[in-house]
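Data block for structure.cif (mmCIF, C-alpha atoms):
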data_final
#
loop_
_atom_site.group_PDB
_atom_site.id
_atom_site.type_symbol
_atom_site.label_atom_id
_atom_site.label_comp_id
_atom_site.auth_asym_id
_atom_site.auth_seq_id
_atom_site.Cartn_x
_atom_site.Cartn_y
_atom_site.Cartn_z
ATOM 1 C CA MET A 55 -38.669 8.551 77.349
ATOM 2 C CA SER A 56 -40.559 5.509 78.407
ATOM 3 C CA GLY A 57 -43.787 7.055 77.235
ATOM 4 C CA ASP A 58 -42.509 8.054 73.798
ATOM 5 C CA ARG A 59 -42.689 5.790 70.760
ATOM 6 C CA ILE A 60 -39.320 4.894 69.228
ATOM 7 C CA VAL A 61 -40.570 5.502 65.645
ATOM 8 C CA SER A 62 -41.793 9.044 66.169
ATOM 9 C CA LEU A 63 -40.812 12.468 64.952
ATOM 10 C CA HIS A 64 -40.785 13.505 68.582
ATOM 11 C CA ASN A 65 -37.920 11.075 69.197
ATOM 12 C CA PRO A 66 -34.697 13.037 68.499
ATOM 13 C CA TRP A 67 -32.676 9.849 67.992
ATOM 14 C CA PHE A 68 -35.119 8.609 65.367
ATOM 15 C CA THR A 69 -35.248 11.897 63.442
ATOM 16 C CA ALA A 70 -31.464 12.208 63.578
ATOM 17 C CA SER A 71 -30.915 8.691 62.214
ATOM 18 C CA VAL A 72 -33.463 9.222 59.426
ATOM 19 C CA GLY A 73 -31.853 12.534 58.487
ATOM 20 C CA ILE A 74 -28.356 11.050 58.393
ATOM 21 C CA THR A 75 -29.540 8.069 56.320
ATOM 22 C CA ALA A 76 -31.348 10.339 53.828
ATOM 23 C CA ALA A 77 -28.282 12.582 53.520
ATOM 24 C CA ILE A 78 -26.029 9.575 52.810
ATOM 25 C CA ALA A 79 -28.510 8.290 50.170
ATOM 26 C CA ILE A 80 -28.665 11.687 48.443
ATOM 27 C CA ILE A 81 -24.876 12.047 48.404
ATOM 28 C CA ALA A 82 -24.470 8.507 47.043
ATOM 29 C CA ALA A 83 -27.081 9.126 44.332
ATOM 30 C CA VAL A 84 -25.440 12.384 43.254
ATOM 31 C CA ALA A 85 -22.025 10.726 43.151
ATOM 32 C CA GLY A 86 -23.210 7.595 41.348
ATOM 33 C CA PHE A 87 -25.595 9.151 38.843
ATOM 34 C CA ALA A 88 -23.965 12.519 38.151
ATOM 35 C CA TRP A 89 -20.411 13.021 39.383
ATOM 36 C CA LEU A 90 -18.931 9.622 38.447
ATOM 37 C CA PRO A 91 -20.367 9.542 34.873
ATOM 38 C CA LEU A 92 -18.981 13.029 34.242
ATOM 39 C CA GLN A 93 -15.500 11.810 35.229
ATOM 40 C CA GLN A 94 -15.422 9.046 32.600
ATOM 41 C CA GLN A 95 -12.922 9.715 29.883
ATOM 42 C CA GLY A 96 -14.227 9.562 26.350
ATOM 43 C CA GLU A 97 -17.835 10.194 27.356
ATOM 44 C CA ARG A 98 -19.601 13.343 26.214
ATOM 45 C CA PHE A 99 -22.873 14.402 27.825
ATOM 46 C CA ASP A 100 -25.340 17.127 26.945
ATOM 47 C CA GLY A 101 -25.686 18.285 30.528
ATOM 48 C CA ILE A 102 -26.273 16.744 33.940
ATOM 49 C CA TRP A 103 -29.572 15.092 32.974
ATOM 50 C CA ASP A 104 -27.890 13.263 30.103
ATOM 51 C CA ALA A 105 -25.248 11.948 32.512
ATOM 52 C CA ILE A 106 -27.921 10.761 34.968
ATOM 53 C CA CYS A 107 -29.850 8.970 32.222
ATOM 54 C CA SER A 108 -26.662 7.269 31.081
ATOM 55 C CA ALA A 109 -25.817 6.070 34.593
ATOM 56 C CA ALA A 110 -29.369 4.798 35.096
ATOM 57 C CA GLY A 111 -29.245 2.843 31.839
ATOM 58 C CA LEU A 112 -31.958 4.938 30.223
ATOM 59 C CA VAL A 113 -32.034 6.051 26.593
ATOM 60 C CA ARG A 114 -30.027 9.220 26.232
ATOM 61 C CA ASN A 115 -30.843 12.044 23.875
ATOM 62 C CA ALA A 116 -30.771 10.514 20.410
ATOM 63 C CA PRO A 117 -28.805 12.404 17.802
ATOM 64 C CA SER A 118 -30.858 14.121 15.164
ATOM 65 C CA ALA A 119 -30.868 13.002 11.566
ATOM 66 C CA SER A 120 -28.489 15.833 10.723
ATOM 67 C CA GLN A 121 -25.971 14.467 13.228
ATOM 68 C CA ILE A 122 -26.009 10.938 11.819
ATOM 69 C CA VAL A 123 -24.061 11.747 8.700
ATOM 70 C CA ASP A 124 -21.827 8.690 8.382
ATOM 71 C CA THR A 125 -24.586 6.058 8.383
ATOM 72 C CA PRO A 126 -26.485 5.074 5.234
ATOM 73 C CA ASN A 127 -30.233 5.523 4.966
ATOM 74 C CA LEU A 128 -31.712 2.088 4.238
ATOM 75 C CA ALA A 129 -35.320 3.185 3.765
ATOM 76 C CA GLY A 130 -36.368 2.178 0.262
ATOM 77 C CA GLU A 131 -33.034 0.548 -0.513
ATOM 78 C CA TYR A 132 -33.136 -2.527 -2.752
ATOM 79 C CA PRO A 133 -33.737 -5.647 -0.620
ATOM 80 C CA ILE A 134 -31.064 -7.639 -2.440
ATOM 81 C CA THR A 135 -28.515 -4.947 -1.593
ATOM 82 C CA ILE A 136 -29.432 -4.906 2.093
ATOM 83 C CA TYR A 137 -29.434 -8.696 2.290
ATOM 84 C CA LYS A 138 -26.007 -8.968 0.643
ATOM 85 C CA GLU A 139 -24.461 -6.448 3.012
ATOM 86 C CA LEU A 140 -25.928 -8.209 6.060
ATOM 87 C CA VAL A 141 -24.510 -11.521 4.845
ATOM 88 C CA ASP A 142 -21.143 -9.874 4.210
ATOM 89 C CA PHE A 143 -21.096 -8.397 7.709
ATOM 90 C CA LYS A 144 -22.001 -11.781 9.196
ATOM 91 C CA THR A 145 -19.313 -13.656 7.249
ATOM 92 C CA SER A 146 -16.710 -10.905 7.823
ATOM 93 C CA ALA A 147 -16.480 -10.245 4.095
ATOM 94 C CA ARG A 148 -17.190 -6.649 5.097
ATOM 95 C CA ALA A 149 -15.560 -5.511 8.321
ATOM 96 C CA SER A 150 -17.407 -3.379 10.858
ATOM 97 C CA ALA A 151 -16.918 -3.303 14.609
ATOM 98 C CA VAL A 152 -20.470 -1.955 14.929
ATOM 99 C CA MET A 153 -22.336 -4.296 12.596
ATOM 100 C CA ALA A 154 -20.467 -7.554 13.278
ATOM 101 C CA PRO A 155 -21.936 -8.175 16.756
ATOM 102 C CA LEU A 156 -25.393 -7.071 15.608
ATOM 103 C CA VAL A 157 -25.608 -9.675 12.853
ATOM 104 C CA ALA A 158 -23.706 -12.484 14.590
ATOM 105 C CA ASP A 159 -26.849 -14.292 15.764
ATOM 106 C CA LEU A 160 -29.116 -13.456 12.824
ATOM 107 C CA ARG A 161 -30.506 -16.356 10.824
ATOM 108 C CA ASP A 162 -30.815 -16.199 7.069
ATOM 109 C CA ALA A 163 -34.557 -15.693 7.449
ATOM 110 C CA ASP A 164 -33.928 -12.804 9.853
ATOM 111 C CA MET A 165 -31.686 -11.057 7.328
ATOM 112 C CA ARG A 166 -34.225 -11.520 4.555
ATOM 113 C CA ASP A 167 -36.957 -10.120 6.794
ATOM 114 C CA LEU A 168 -34.823 -7.092 7.681
ATOM 115 C CA ALA A 169 -34.034 -6.492 4.021
ATOM 116 C CA ALA A 170 -37.717 -6.647 3.115
ATOM 117 C CA TYR A 171 -38.669 -4.360 6.004
ATOM 118 C CA TYR A 172 -36.222 -1.585 5.133
ATOM 119 C CA ALA A 173 -36.978 -1.883 1.433
ATOM 120 C CA TYR A 174 -40.676 -1.399 2.251
ATOM 121 C CA LEU A 175 -40.079 1.841 4.159
ATOM 122 C CA PRO A 176 -40.768 5.016 2.169
ATOM 123 C CA ARG A 177 -37.745 6.710 0.722
ATOM 124 C CA PRO A 178 -36.839 10.164 2.061
ATOM 125 C CA PRO A 179 -39.114 12.919 0.763
ATOM 126 C CA ASP A 180 -38.059 14.492 -2.501
ATOM 127 C CA LEU A 181 -35.660 17.369 -2.158
ATOM 128 C CA ARG A 182 -34.851 19.945 -4.800
ATOM 129 C CA ALA A 183 -31.419 19.165 -6.202
ATOM 130 C CA THR A 184 -29.080 22.128 -6.457
ATOM 131 C CA SER A 185 -27.847 20.893 -9.832
ATOM 132 C CA ASP A 186 -29.274 18.560 -12.460
ATOM 133 C CA VAL A 187 -25.962 18.319 -14.287
ATOM 134 C CA PRO A 188 -23.971 15.296 -13.107
ATOM 135 C CA PRO A 189 -20.209 15.640 -12.841
ATOM 136 C CA ARG A 190 -18.169 14.080 -15.601
ATOM 137 C CA ILE A 191 -17.138 11.071 -13.505
ATOM 138 C CA VAL A 192 -20.816 10.201 -12.959
ATOM 139 C CA ALA A 193 -22.036 10.847 -16.497
ATOM 140 C CA ASN A 194 -19.060 9.734 -18.586
ATOM 141 C CA GLY A 195 -16.510 8.157 -16.286
ATOM 142 C CA ALA A 196 -12.854 8.312 -17.342
ATOM 143 C CA PRO A 197 -12.370 5.835 -20.223
ATOM 144 C CA MET A 198 -8.647 6.523 -20.555
ATOM 145 C CA ARG A 199 -8.206 5.344 -16.953
ATOM 146 C CA GLY A 200 -10.634 2.464 -17.256
ATOM 147 C CA ILE A 201 -13.316 4.080 -15.104
ATOM 148 C CA ALA A 202 -16.904 3.389 -16.109
ATOM 149 C CA PRO A 203 -19.518 6.091 -15.432
ATOM 150 C CA CYS A 204 -20.958 5.869 -11.940
ATOM 151 C CA GLY A 205 -24.389 6.283 -13.499
ATOM 152 C CA ALA A 206 -23.925 3.105 -15.541
ATOM 153 C CA CYS A 207 -24.651 1.080 -12.401
ATOM 154 C CA HIS A 208 -26.004 3.607 -9.918
ATOM 155 C CA GLY A 209 -28.619 5.184 -12.154
ATOM 156 C CA GLU A 210 -32.297 5.844 -11.600
ATOM 157 C CA LEU A 211 -34.003 3.995 -8.761
ATOM 158 C CA ASP A 212 -36.324 2.013 -11.024
ATOM 159 C CA SER A 213 -33.756 0.955 -13.627
ATOM 160 C CA LYS A 214 -30.733 -0.413 -11.736
ATOM 161 C CA PRO A 215 -32.013 -2.858 -9.098
ATOM 162 C CA GLY A 216 -28.730 -4.743 -8.936
ATOM 163 C CA ALA A 217 -26.674 -1.832 -7.630
ATOM 164 C CA ALA A 218 -27.116 0.098 -4.415
ATOM 165 C CA TRP A 219 -29.312 3.174 -4.390
ATOM 166 C CA LEU A 220 -27.011 6.134 -3.682
ATOM 167 C CA GLU A 221 -29.323 9.110 -4.115
ATOM 168 C CA GLY A 222 -29.764 11.046 -0.901
ATOM 169 C CA GLN A 223 -27.097 9.164 1.023
ATOM 170 C CA PRO A 224 -24.831 11.316 3.229
ATOM 171 C CA ALA A 225 -21.882 12.659 1.256
ATOM 172 C CA ILE A 226 -19.438 11.780 4.023
ATOM 173 C CA TYR A 227 -20.658 8.175 3.983
ATOM 174 C CA LEU A 228 -20.207 7.925 0.218
ATOM 175 C CA ARG A 229 -16.732 9.450 0.395
ATOM 176 C CA THR A 230 -15.757 7.116 3.219
ATOM 177 C CA GLN A 231 -16.889 4.028 1.316
ATOM 178 C CA LEU A 232 -15.147 5.073 -1.902
ATOM 179 C CA ALA A 233 -11.966 5.717 0.076
ATOM 180 C CA ALA A 234 -12.315 2.311 1.743
ATOM 181 C CA PHE A 235 -12.685 0.620 -1.644
ATOM 182 C CA ALA A 236 -9.680 2.548 -2.972
ATOM 183 C CA SER A 237 -7.461 1.525 -0.060
ATOM 184 C CA GLY A 238 -8.726 -2.059 0.018
ATOM 185 C CA ALA A 239 -10.138 -1.653 3.520
ATOM 186 C CA ARG A 240 -13.526 -2.614 2.103
ATOM 187 C CA ARG A 241 -13.310 -5.778 0.030
ATOM 188 C CA ASN A 242 -16.828 -7.126 -0.403
ATOM 189 C CA ASP A 243 -17.393 -5.918 -3.966
ATOM 190 C CA ILE A 244 -18.021 -8.723 -6.442
ATOM 191 C CA GLY A 245 -15.096 -9.147 -8.814
ATOM 192 C CA GLU A 246 -13.292 -6.175 -7.213
ATOM 193 C CA GLN A 247 -15.307 -3.898 -9.472
ATOM 194 C CA MET A 248 -15.584 -1.034 -7.002
ATOM 195 C CA ARG A 249 -11.991 -1.381 -5.815
ATOM 196 C CA ASN A 250 -10.709 -1.179 -9.381
ATOM 197 C CA ILE A 251 -12.782 1.948 -10.031
ATOM 198 C CA ALA A 252 -12.223 3.747 -6.718
ATOM 199 C CA ARG A 253 -8.443 3.340 -6.705
ATOM 200 C CA ARG A 254 -8.285 5.072 -10.100
ATOM 201 C CA MET A 255 -10.475 7.993 -9.082
ATOM 202 C CA THR A 256 -8.912 11.236 -7.930
ATOM 203 C CA PRO A 257 -9.892 12.772 -4.576
ATOM 204 C CA ASP A 258 -11.741 15.517 -6.469
ATOM 205 C CA GLU A 259 -13.724 12.934 -8.450
ATOM 206 C CA ILE A 260 -14.635 11.056 -5.293
ATOM 207 C CA ALA A 261 -15.791 14.285 -3.668
ATOM 208 C CA ALA A 262 -17.752 15.365 -6.752
ATOM 209 C CA ALA A 263 -19.551 12.026 -7.116
ATOM 210 C CA SER A 264 -20.343 11.942 -3.391
ATOM 211 C CA ARG A 265 -21.789 15.477 -3.428
ATOM 212 C CA PHE A 266 -23.844 14.760 -6.523
ATOM 213 C CA TYR A 267 -25.509 11.622 -5.179
ATOM 214 C CA ALA A 268 -25.999 13.114 -1.715
ATOM 215 C CA ASP A 269 -27.802 16.029 -3.319
ATOM 216 C CA ARG A 270 -30.171 13.885 -5.356
ATOM 217 C CA PRO A 271 -33.749 13.411 -4.139
#
Could you quickly redo this structure as structure tokens?
Amino acid sequence: MSGDRIVSLHNPWFTASVGITAAIAIIAAVAGFAWLPLQQQGERFDGIWDAICSAAGLVRNAPSASQIVDTPNLAGEYPITIYKELVDFKTSARASAVMAPLVADLRDADMRDLAAYYAYLPRPPDLRATSDVPPRIVANGAPMRGIAPCGACHGELDSKPGAAWLEGQPAIYLRTQLAAFASGARRNDIGEQMRNIARRMTPDEIAAASRFYADRP
């Protein structure tokens, strides 16, 4: 052996040690990047590659727009509406485990810039509404129960800048927010206007209003 180089493929001890080391590295990588992530409770992966990306800290497959149904679309929303909600999240006037940490370090100027940015984005492309006839709760409200028409505040985009734009928002998001106002879980409406209205609406009226606005272009 004296004539052989230690670091050489002809050296059986060297090749054996390299092979063992490579095998250990491969097993460790498979365990750390694939097997262990798949064993985590509460995690759902779209296959082995998704699990590996998650373990490596890479961006996983983003859900499509059709999957994100409980988040509002802010593109083209009124800047004053966006700014108010950001302030409410920051001051805990509106509770959200997701939004609270995101706005915690934002300055007032940051929130105004974000509001202006999203308001500048083009609204979703026009879609053909399945019905042009608004439900009664939207068009007329329920005067005997003290419910003003939804359309009195949430009307056309260019005529009601003080109220949030609801057209095209996901129906499940609208229903969730109306239910939150009705139960008092959401409390950041000025003068309790939305809470007073939502708690008097029936589940069918909430569903009808949500479907109507979600269907609008």
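Each of A:Gln223, A:Ser146, A:Thr75, A:Asn127 was checked against Pro271 (chain A) using all atoms listed in the file; the smallest atom-to-atom distance is that of A:Gln223.
With the shown file loaded, the PyMOL selection byres ((chain A and resi 257) around 12) picks out Ile191, Arg229, Thr230, Leu232, Ala233, Ala236, Ala252, Arg253, Arg254, Met255, Thr256, Asp258, Glu259, Ile260, Ala261, Ala262, Ala263 and Ser264 of chain A.
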As a check of understanding, name the residues that the PyMOL selection byres ((chain A and resi 148) around 12) selects in the supplied structure, as JSON, numbers by chain. {"A": [138, 139, 140, 141, 142, 143, 144, 145, 146, 147, 149, 150, 151, 152, 153, 154, 157, 231, 234, 235, 238, 239, 240, 241, 242, 243, 244]}
The selected residues should be written to file as a short mmCIF file (atom, residue, chain, number, x, y, z; two decimals), in the frame of the given file (atoms: C-alpha atoms).
data_model
loop_
_atom_site.label_atom_id
_atom_site.label_comp_id
_atom_site.auth_asym_id
_atom_site.auth_seq_id
_atom_site.Cartn_x
_atom_site.Cartn_y
_atom_site.Cartn_z
CA LYS A 138 -26.01 -8.97 0.64
CA GLU A 139 -24.46 -6.45 3.01
CA LEU A 140 -25.93 -8.21 6.06
CA VAL A 141 -24.51 -11.52 4.84
CA ASP A 142 -21.14 -9.87 4.21
CA PHE A 143 -21.10 -8.40 7.71
CA LYS A 144 -22.00 -11.78 9.20
CA THR A 145 -19.31 -13.66 7.25
CA SER A 146 -16.71 -10.90 7.82
CA ALA A 147 -16.48 -10.24 4.10
CA ALA A 149 -15.56 -5.51 8.32
CA SER A 150 -17.41 -3.38 10.86
CA ALA A 151 -16.92 -3.30 14.61
CA VAL A 152 -20.47 -1.96 14.93
CA MET A 153 -22.34 -4.30 12.60
CA ALA A 154 -20.47 -7.55 13.28
CA VAL A 157 -25.61 -9.68 12.85
CA GLN A 231 -16.89 4.03 1.32
CA ALA A 234 -12.32 2.31 1.74
CA PHE A 235 -12.68 0.62 -1.64
CA GLY A 238 -8.73 -2.06 0.02
CA ALA A 239 -10.14 -1.65 3.52
CA ARG A 240 -13.53 -2.61 2.10
CA ARG A 241 -13.31 -5.78 0.03
CA ASN A 242 -16.83 -7.13 -0.40
CA ASP A 243 -17.39 -5.92 -3.97
CA ILE A 244 -18.02 -8.72 -6.44
#
Distance query Leu175 (chain A) at most 7 Å, all atoms listed in the file, self and fewer than 3 positions along chain excluded, as number ranges by chain: A: 129-130, 171-172
Print the selection's residues with C-alpha atoms to a file, as a JSON list (two decimals), keeping the file's coordinate frame.
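Final output, saved to again_29.json:
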[["chain", "number", "residue", "atom", "x", "y", "z"],
["A", 129, "ALA", "CA", -35.32, 3.18, 3.76],
["A", 130, "GLY", "CA", -36.37, 2.18, 0.26],
["A", 171, "TYR", "CA", -38.67, -4.36, 6.00],
["A", 172, "TYR", "CA", -36.22, -1.58, 5.13]]
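Taking CA of Gly195 (chain A) and CA of Tyr137 (chain A) as endpoints, the distance between them is 28.2 Å.
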Could you tell me how far CA of Thr125 (chain A) sits from CA of Tyr267 (chain A), in Å to one decimal place?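 About the pair CA of Tyr267 (chain A) and CA of Thr125 (chain A): they are 14.7 Å apart.
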Apply the PyMOL selection byres ((chain A and resi 269) around 8) to the structure shown and report the selected residues as a ChimeraX atom specification. /A:183-184,221-222,265-268,270-271
To one decimal in Å, tell me the separation between CA of Ala173 (chain A) and CA of Glu131 (chain A).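 Pair CA of Ala173 (chain A) / CA of Glu131 (chain A) returns 5.0 Å.
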Selected residue, from A:Pro197, A:Pro203, A:Pro155, A:Ala218, that lies nearest to Pro133 (chain A) when counting all atoms listed in the file: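 That would be A:Ala218, the residue with the smallest distance to Pro133 (chain A).
Distances from A:Gly200, A:Gly245, A:Pro66, A:Pro126 to Pro178 (chain A) were compared using all atoms listed in the file, and the smallest one belongs to A:Pro126.
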Residues within 9 Å of (-25.9, 5.1, -10.2), file coordinates, counting only C-alpha atoms: what are they? Give the list as a ChimeraX atom specification. /A:192,203-211,214,217-221,267
Which centre and which edge lengths, in Å to one decimal, describe the axis-aligned box that holds all listed atoms of region 164-174 of chain A after 5 Å is added on each side, as JSON?
{"center_x": -36.2, "center_y": -7.1, "center_z": 5.6, "size_x": 19.0, "size_y": 21.4, "size_z": 18.4}
